[in-house]
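A.B. asks: My questions all concern the structure below.
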Amino acid sequence: MKLYYSDTFVLPLPQGHRFPMCKYAMLRAHVAASGQFADSDLRVPEAARDAQILLAHDRRYLERMMAGAMNAQEMRRIGFPWSAQMVERSRRSAGATIAACRSALAEGVAANLAGGTHHAHRGFGAGFCVFNDAAIAALVMLDEARVGQIAIIDCDVHQGDGSAAIFAGDSRVFTFSIHGAGNFPFDKQRSDLDLELADGTGDGPYLEALAGGLDQVFARCVPDLVIYLAGADPYRDDRLGRLELSIEGLQQRDRMVLGRCADEGVPVALAMAGGYARSIDDTVRIHGNTILTARSLARD
């Protein structure tokens with residue numbers, strides 16, 4: 001199972017910033033220490049090329065982002081200060097999901113140890129998301145005629161509004177988002193399937209809703225590839241979460257999604273998406289469990 005990482009390109013953020021960029025390097029160290037992966041399984045991806053990014057994003061947005069011509073309001077919407085390193089890291093993260101998709105199609109499962117930047121729309125970034133890596137990767141796979149149908153299964157606690165908007169009316173990509181009804185973004189888009197859950201939803205009701213959602217996904221489309229956004233932020237101690245899932249419940253979620261894809265014979269590319277637990281070690285553990293669950297199923 002190949003794992004793609006871009007944490008060597010992570011930008012420094014002001015102390016106290018609520019996005020824990022160090023989680024990526026910690027996650028890579030965590031999975032490397034598990035003994036489940038050879039050194040050759042962990043790979044630095046190529047950066048997504050302009051032509052690939054432009055499949056999902058407007059040219060003017062890309063050009064202004066590359067040139068550092070975004071205004072203060074636009075960067076506040078994203079949540080990061082602009083820097084050339086930030087742009088390179090975002091390109092690498094998109095490249096990691098592209099690489100994970102190619103590896104998954106060849107070997108069954110692969111992962112980007114970052115990614116899941118689903119709030120980025122065609123013409124703007126938002127919510128810590130500059131380029132929408134899942135959208136870019138999906139469109140690259142379609143453009144290269146590697147697949148005919150893709151499903152994005154988004155289990156981040158926040159709706160995948162950028163993905164929903166980018167693929168509105170595009171029957172080649174089925175977007176499914178299970179998320180908190182009262183959480184960001186407050187101006188939600190329409191996915192092909194949205195399941196909105198109340199604050200305080202715990203393990204049992206969440207997993208029941210997810211099982212029904214997966215039934216709908218595979219009844220309504222026949223994907224050649226699934227891109228799974230395995231957010232750690234439904235966790236009960238996540239600062240931006242609210243859904244109150246336990247670490248064990250999140251493991252069950254991963255087994256449910258990945259097991260269903262395996263049963264359907266569909267390759268899966270994973271991206272980590274959000275995670276803002278009060279203890280960063282919890283976030284890393286949750287993401288690590290996702291990767292190790294995928295690794296165990298890849299062996300079956």
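Going by the structure tokens order, chains are called A, B, ..., each with residues numbered from 1, while ligands are numbered from 1 in the order shown.
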Run DSSP on the backbone and grab whatever in range 21-239 of chain A lands in helix (DSSP H, G or I); send it over as an NGL selection string.

C.D. replies: :A and (23-32 or 39-41 or 50-53 or 59-67 or 72-78 or 84-107 or 133-143 or 161-166 or 203-220)

A.B. asks: Restrict the calculation to only C-alpha atoms, then for each residue of range 175-288 of chain A with any atom at most 9 Å from an atom of range 161-168 of chain A give the closest atom pair and their distance in Å to one decimal, rows by chain and rising residue number, as a tab-separated table.

C.D. replies:
residue	atom	partner	partner_atom	distance
A:Thr175	CA	A:Ala164	CA	6.3
A:Phe176	CA	A:Ala164	CA	8.5
A:Ser177	CA	A:Ala164	CA	8.7
A:Pro185	CA	A:Asp161	CA	7.3
A:Asp187	CA	A:Asp161	CA	8.4
A:Lys188	CA	A:Asp161	CA	5.9
A:Gln189	CA	A:Asp161	CA	5.1
A:Arg190	CA	A:Ala164	CA	5.9
A:Ser191	CA	A:Ala164	CA	4.6
A:Asp192	CA	A:Ala164	CA	7.5

A.B. asks: Which one is closest to Met21 in chain A: A:Met86, A:Ala138, A:Val226, A:Cys155? Count only C-alpha atoms.

C.D. replies: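 Looking only at the distances to Met21 in chain A, the closest residue turns out to be A:Met86.
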
A.B. asks: Select, from A:Leu195, A:Val87, A:Leu214, A:Ile247, the residue with the minimum atom-to-atom distance to Val130 in chain A, counting only C-alpha atoms.

C.D. replies: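 Among the listed residues, the smallest separation from Val130 in chain A belongs to A:Val87.
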
A.B. asks: Quick one: pull the distance between CA of Ile152 in chain A and CA of Phe174 in chain A, Å, one decimal.

C.D. replies: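 That distance, rounded to one decimal, is 6.2 Å.
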
A.B. asks: Give me, as number ranges by chain, the residues of range 215-267 of chain A that a backbone DSSP run labels strand (DSSP E or B).

C.D. replies: A: 225-229, 235, 238, 245

A.B. asks: Restrict the selected residues to N, CA and C atoms and save them as a PDB file, in the first residue's frame.

C.D. replies:
ATOM      1  N   LEU A 225     -13.814   3.854  -8.967  1.00  0.00           N
ATOM      2  CA  LEU A 225     -12.873   4.318  -7.952  1.00  0.00           C
ATOM      3  C   LEU A 225     -13.648   5.105  -6.904  1.00  0.00           C
ATOM      4  N   VAL A 226     -13.293   4.917  -5.645  1.00  0.00           N
ATOM      5  CA  VAL A 226     -13.815   5.734  -4.552  1.00  0.00           C
ATOM      6  C   VAL A 226     -12.678   6.580  -4.005  1.00  0.00           C
ATOM      7  N   ILE A 227     -12.946   7.866  -3.783  1.00  0.00           N
ATOM      8  CA  ILE A 227     -12.050   8.740  -3.044  1.00  0.00           C
ATOM      9  C   ILE A 227     -12.709   8.963  -1.683  1.00  0.00           C
ATOM     10  N   TYR A 228     -12.044   8.500  -0.637  1.00  0.00           N
ATOM     11  CA  TYR A 228     -12.607   8.517   0.715  1.00  0.00           C
ATOM     12  C   TYR A 228     -11.921   9.598   1.537  1.00  0.00           C
ATOM     13  N   LEU A 229     -12.692  10.595   1.962  1.00  0.00           N
ATOM     14  CA  LEU A 229     -12.201  11.652   2.843  1.00  0.00           C
ATOM     15  C   LEU A 229     -12.524  11.241   4.272  1.00  0.00           C
ATOM     16  N   TYR A 235     -14.782  13.400  15.859  1.00  0.00           N
ATOM     17  CA  TYR A 235     -14.363  12.957  17.198  1.00  0.00           C
ATOM     18  C   TYR A 235     -14.957  13.838  18.291  1.00  0.00           C
ATOM     19  N   ASP A 238     -12.960  16.927  19.424  1.00  0.00           N
ATOM     20  CA  ASP A 238     -12.464  17.811  18.369  1.00  0.00           C
ATOM     21  C   ASP A 238     -12.995  19.224  18.593  1.00  0.00           C
ATOM     22  N   LEU A 245     -18.325  11.435  18.245  1.00  0.00           N
ATOM     23  CA  LEU A 245     -17.915  10.048  18.018  1.00  0.00           C
ATOM     24  C   LEU A 245     -16.690   9.716  18.852  1.00  0.00           C
TER      25      LEU A 245
END

A.B. asks: I need the residue nearest Ala137 in chain A from this list: A:Leu42, A:Leu54, A:Ala84, A:Ala32. Use only C-alpha atoms for the distance.

C.D. replies: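 Closest candidate: A:Leu54.
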
A.B. asks: With a distance cut-off of 10 Å and only C-alpha atoms, select the neighbouring residues of range 264-268 of chain A, excluding the residue or stretch itself and same-chain residues fewer than 4 positions from it, and output the selection as a PDB file with N, CA and C atoms, in the first residue's frame.

C.D. replies:
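The resulting file, selection-v1.pdb, is reproduced below:
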ATOM      1  N   ALA A 100      -2.203   8.845  -5.291  1.00  0.00           N
ATOM      2  CA  ALA A 100      -2.924   7.817  -4.548  1.00  0.00           C
ATOM      3  C   ALA A 100      -4.003   7.172  -5.410  1.00  0.00           C
ATOM      4  N   CYS A 101      -4.674   7.958  -6.230  1.00  0.00           N
ATOM      5  CA  CYS A 101      -5.698   7.394  -7.124  1.00  0.00           C
ATOM      6  C   CYS A 101      -5.066   6.430  -8.120  1.00  0.00           C
ATOM      7  N   ARG A 102      -3.947   6.820  -8.708  1.00  0.00           N
ATOM      8  CA  ARG A 102      -3.278   5.931  -9.664  1.00  0.00           C
ATOM      9  C   ARG A 102      -2.830   4.636  -8.984  1.00  0.00           C
ATOM     10  N   SER A 103      -2.264   4.754  -7.785  1.00  0.00           N
ATOM     11  CA  SER A 103      -1.818   3.565  -7.059  1.00  0.00           C
ATOM     12  C   SER A 103      -2.993   2.681  -6.664  1.00  0.00           C
ATOM     13  N   ALA A 104      -4.090   3.309  -6.236  1.00  0.00           N
ATOM     14  CA  ALA A 104      -5.270   2.522  -5.859  1.00  0.00           C
ATOM     15  C   ALA A 104      -5.818   1.737  -7.046  1.00  0.00           C
ATOM     16  N   LEU A 105      -5.841   2.353  -8.211  1.00  0.00           N
ATOM     17  CA  LEU A 105      -6.334   1.649  -9.394  1.00  0.00           C
ATOM     18  C   LEU A 105      -5.436   0.474  -9.757  1.00  0.00           C
ATOM     19  N   ALA A 106      -4.142   0.586  -9.447  1.00  0.00           N
ATOM     20  CA  ALA A 106      -3.206  -0.489  -9.754  1.00  0.00           C
ATOM     21  C   ALA A 106      -3.183  -1.569  -8.682  1.00  0.00           C
ATOM     22  N   GLU A 107      -3.347  -1.155  -7.403  1.00  0.00           N
ATOM     23  CA  GLU A 107      -3.111  -2.079  -6.291  1.00  0.00           C
ATOM     24  C   GLU A 107      -4.292  -2.252  -5.350  1.00  0.00           C
ATOM     25  N   GLY A 108      -5.352  -1.471  -5.505  1.00  0.00           N
ATOM     26  CA  GLY A 108      -6.550  -1.647  -4.694  1.00  0.00           C
ATOM     27  C   GLY A 108      -6.792  -0.561  -3.677  1.00  0.00           C
ATOM     28  N   VAL A 109      -5.721  -0.073  -3.033  1.00  0.00           N
ATOM     29  CA  VAL A 109      -5.884   0.976  -2.017  1.00  0.00           C
ATOM     30  C   VAL A 109      -4.574   1.735  -1.888  1.00  0.00           C
ATOM     31  N   ALA A 110      -4.672   3.052  -1.642  1.00  0.00           N
ATOM     32  CA  ALA A 110      -3.516   3.918  -1.420  1.00  0.00           C
ATOM     33  C   ALA A 110      -4.026   5.153  -0.694  1.00  0.00           C
ATOM     34  N   ALA A 111      -3.091   5.965  -0.186  1.00  0.00           N
ATOM     35  CA  ALA A 111      -3.520   7.096   0.630  1.00  0.00           C
ATOM     36  C   ALA A 111      -2.615   8.308   0.459  1.00  0.00           C
ATOM     37  N   ILE A 150     -16.700   7.896 -10.684  1.00  0.00           N
ATOM     38  CA  ILE A 150     -16.022   8.010  -9.398  1.00  0.00           C
ATOM     39  C   ILE A 150     -17.054   8.390  -8.343  1.00  0.00           C
ATOM     40  N   ALA A 151     -16.888   7.863  -7.137  1.00  0.00           N
ATOM     41  CA  ALA A 151     -17.679   8.310  -5.990  1.00  0.00           C
ATOM     42  C   ALA A 151     -16.737   8.942  -4.968  1.00  0.00           C
ATOM     43  N   ILE A 152     -17.098  10.115  -4.482  1.00  0.00           N
ATOM     44  CA  ILE A 152     -16.396  10.744  -3.376  1.00  0.00           C
ATOM     45  C   ILE A 152     -17.224  10.502  -2.124  1.00  0.00           C
ATOM     46  N   ILE A 153     -16.681   9.761  -1.191  1.00  0.00           N
ATOM     47  CA  ILE A 153     -17.342   9.481   0.084  1.00  0.00           C
ATOM     48  C   ILE A 153     -16.672  10.358   1.131  1.00  0.00           C
ATOM     49  N   PHE A 218     -24.052   3.035  -3.514  1.00  0.00           N
ATOM     50  CA  PHE A 218     -23.808   1.923  -4.434  1.00  0.00           C
ATOM     51  C   PHE A 218     -25.070   1.479  -5.174  1.00  0.00           C
ATOM     52  N   VAL A 222     -22.185   3.198 -10.005  1.00  0.00           N
ATOM     53  CA  VAL A 222     -21.301   2.033 -10.067  1.00  0.00           C
ATOM     54  C   VAL A 222     -19.882   2.570 -10.276  1.00  0.00           C
ATOM     55  N   PRO A 223     -19.216   2.972  -9.192  1.00  0.00           N
ATOM     56  CA  PRO A 223     -17.927   3.640  -9.352  1.00  0.00           C
ATOM     57  C   PRO A 223     -16.794   2.676  -9.711  1.00  0.00           C
ATOM     58  N   ASP A 224     -15.878   3.181 -10.500  1.00  0.00           N
ATOM     59  CA  ASP A 224     -14.641   2.467 -10.788  1.00  0.00           C
ATOM     60  C   ASP A 224     -13.566   2.804  -9.759  1.00  0.00           C
ATOM     61  N   LEU A 225     -13.814   3.854  -8.967  1.00  0.00           N
ATOM     62  CA  LEU A 225     -12.873   4.318  -7.952  1.00  0.00           C
ATOM     63  C   LEU A 225     -13.648   5.105  -6.904  1.00  0.00           C
ATOM     64  N   VAL A 226     -13.293   4.917  -5.645  1.00  0.00           N
ATOM     65  CA  VAL A 226     -13.815   5.734  -4.552  1.00  0.00           C
ATOM     66  C   VAL A 226     -12.678   6.580  -4.005  1.00  0.00           C
ATOM     67  N   ILE A 227     -12.946   7.866  -3.783  1.00  0.00           N
ATOM     68  CA  ILE A 227     -12.050   8.740  -3.044  1.00  0.00           C
ATOM     69  C   ILE A 227     -12.709   8.963  -1.683  1.00  0.00           C
ATOM     70  N   TYR A 228     -12.044   8.500  -0.637  1.00  0.00           N
ATOM     71  CA  TYR A 228     -12.607   8.517   0.715  1.00  0.00           C
ATOM     72  C   TYR A 228     -11.921   9.598   1.537  1.00  0.00           C
ATOM     73  N   VAL A 257     -16.748   1.824   5.715  1.00  0.00           N
ATOM     74  CA  VAL A 257     -16.545   2.406   4.382  1.00  0.00           C
ATOM     75  C   VAL A 257     -15.598   1.535   3.557  1.00  0.00           C
ATOM     76  N   LEU A 258     -14.442   1.213   4.130  1.00  0.00           N
ATOM     77  CA  LEU A 258     -13.439   0.464   3.385  1.00  0.00           C
ATOM     78  C   LEU A 258     -13.878  -0.970   3.127  1.00  0.00           C
ATOM     79  N   GLY A 259     -14.573  -1.551   4.114  1.00  0.00           N
ATOM     80  CA  GLY A 259     -15.079  -2.905   3.920  1.00  0.00           C
ATOM     81  C   GLY A 259     -16.140  -2.964   2.834  1.00  0.00           C
ATOM     82  N   ARG A 260     -16.996  -1.952   2.789  1.00  0.00           N
ATOM     83  CA  ARG A 260     -18.035  -1.941   1.753  1.00  0.00           C
ATOM     84  C   ARG A 260     -17.406  -1.784   0.372  1.00  0.00           C
ATOM     85  N   ALA A 294      -7.033   0.461   6.476  1.00  0.00           N
ATOM     86  CA  ALA A 294      -6.915   0.271   5.029  1.00  0.00           C
ATOM     87  C   ALA A 294      -5.836  -0.752   4.704  1.00  0.00           C
ATOM     88  N   ALA A 298      -6.290  -4.280   2.747  1.00  0.00           N
ATOM     89  CA  ALA A 298      -5.535  -4.502   1.505  1.00  0.00           C
ATOM     90  C   ALA A 298      -4.876  -5.863   1.502  1.00  0.00           C
TER      91      ALA A 298
END

A.B. asks: Quick one: everything within 7 Å of range 112-127 of chain A, counting only C-alpha atoms, minus sequence neighbours fewer than 5 positions away in the same chain. Send it as a VMD selection string.

C.D. replies: chain A and resid 3 to 5 24 56 to 58 61 77 to 79 93 to 94 96 to 97 100 132 to 134 160 to 163 165 to 166 229 270 to 273

A.B. asks: Go through A:Gly212, A:Gly202, A:Gly274, A:Gly95 and flag the residue nearest Cys129 in chain A, using only C-alpha atoms for the distances.

C.D. replies: A:Gly274

A.B. asks: Rank nothing, just name the residue among A:Tyr206, A:Tyr276, A:Phe184, A:Phe80 nearest to Phe128 in chain A, using only C-alpha atoms.

C.D. replies: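 Using only C-alpha atoms, the shortest distance to Phe128 in chain A belongs to A:Phe80.
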
A.B. asks: Between A:His287, A:Phe186, A:Ala135, A:Val217, single out the one closest to Pro234 in chain A, counting only C-alpha atoms.

C.D. replies: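 Closest to Pro234 in chain A, using only C-alpha atoms: A:His287.
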
A.B. asks: One number please: CA of Gly241 in chain A to CA of Gly204 in chain A, in Å, one decimal.

C.D. replies: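 Separation of CA of Gly241 in chain A and CA of Gly204 in chain A: 16.7 Å.
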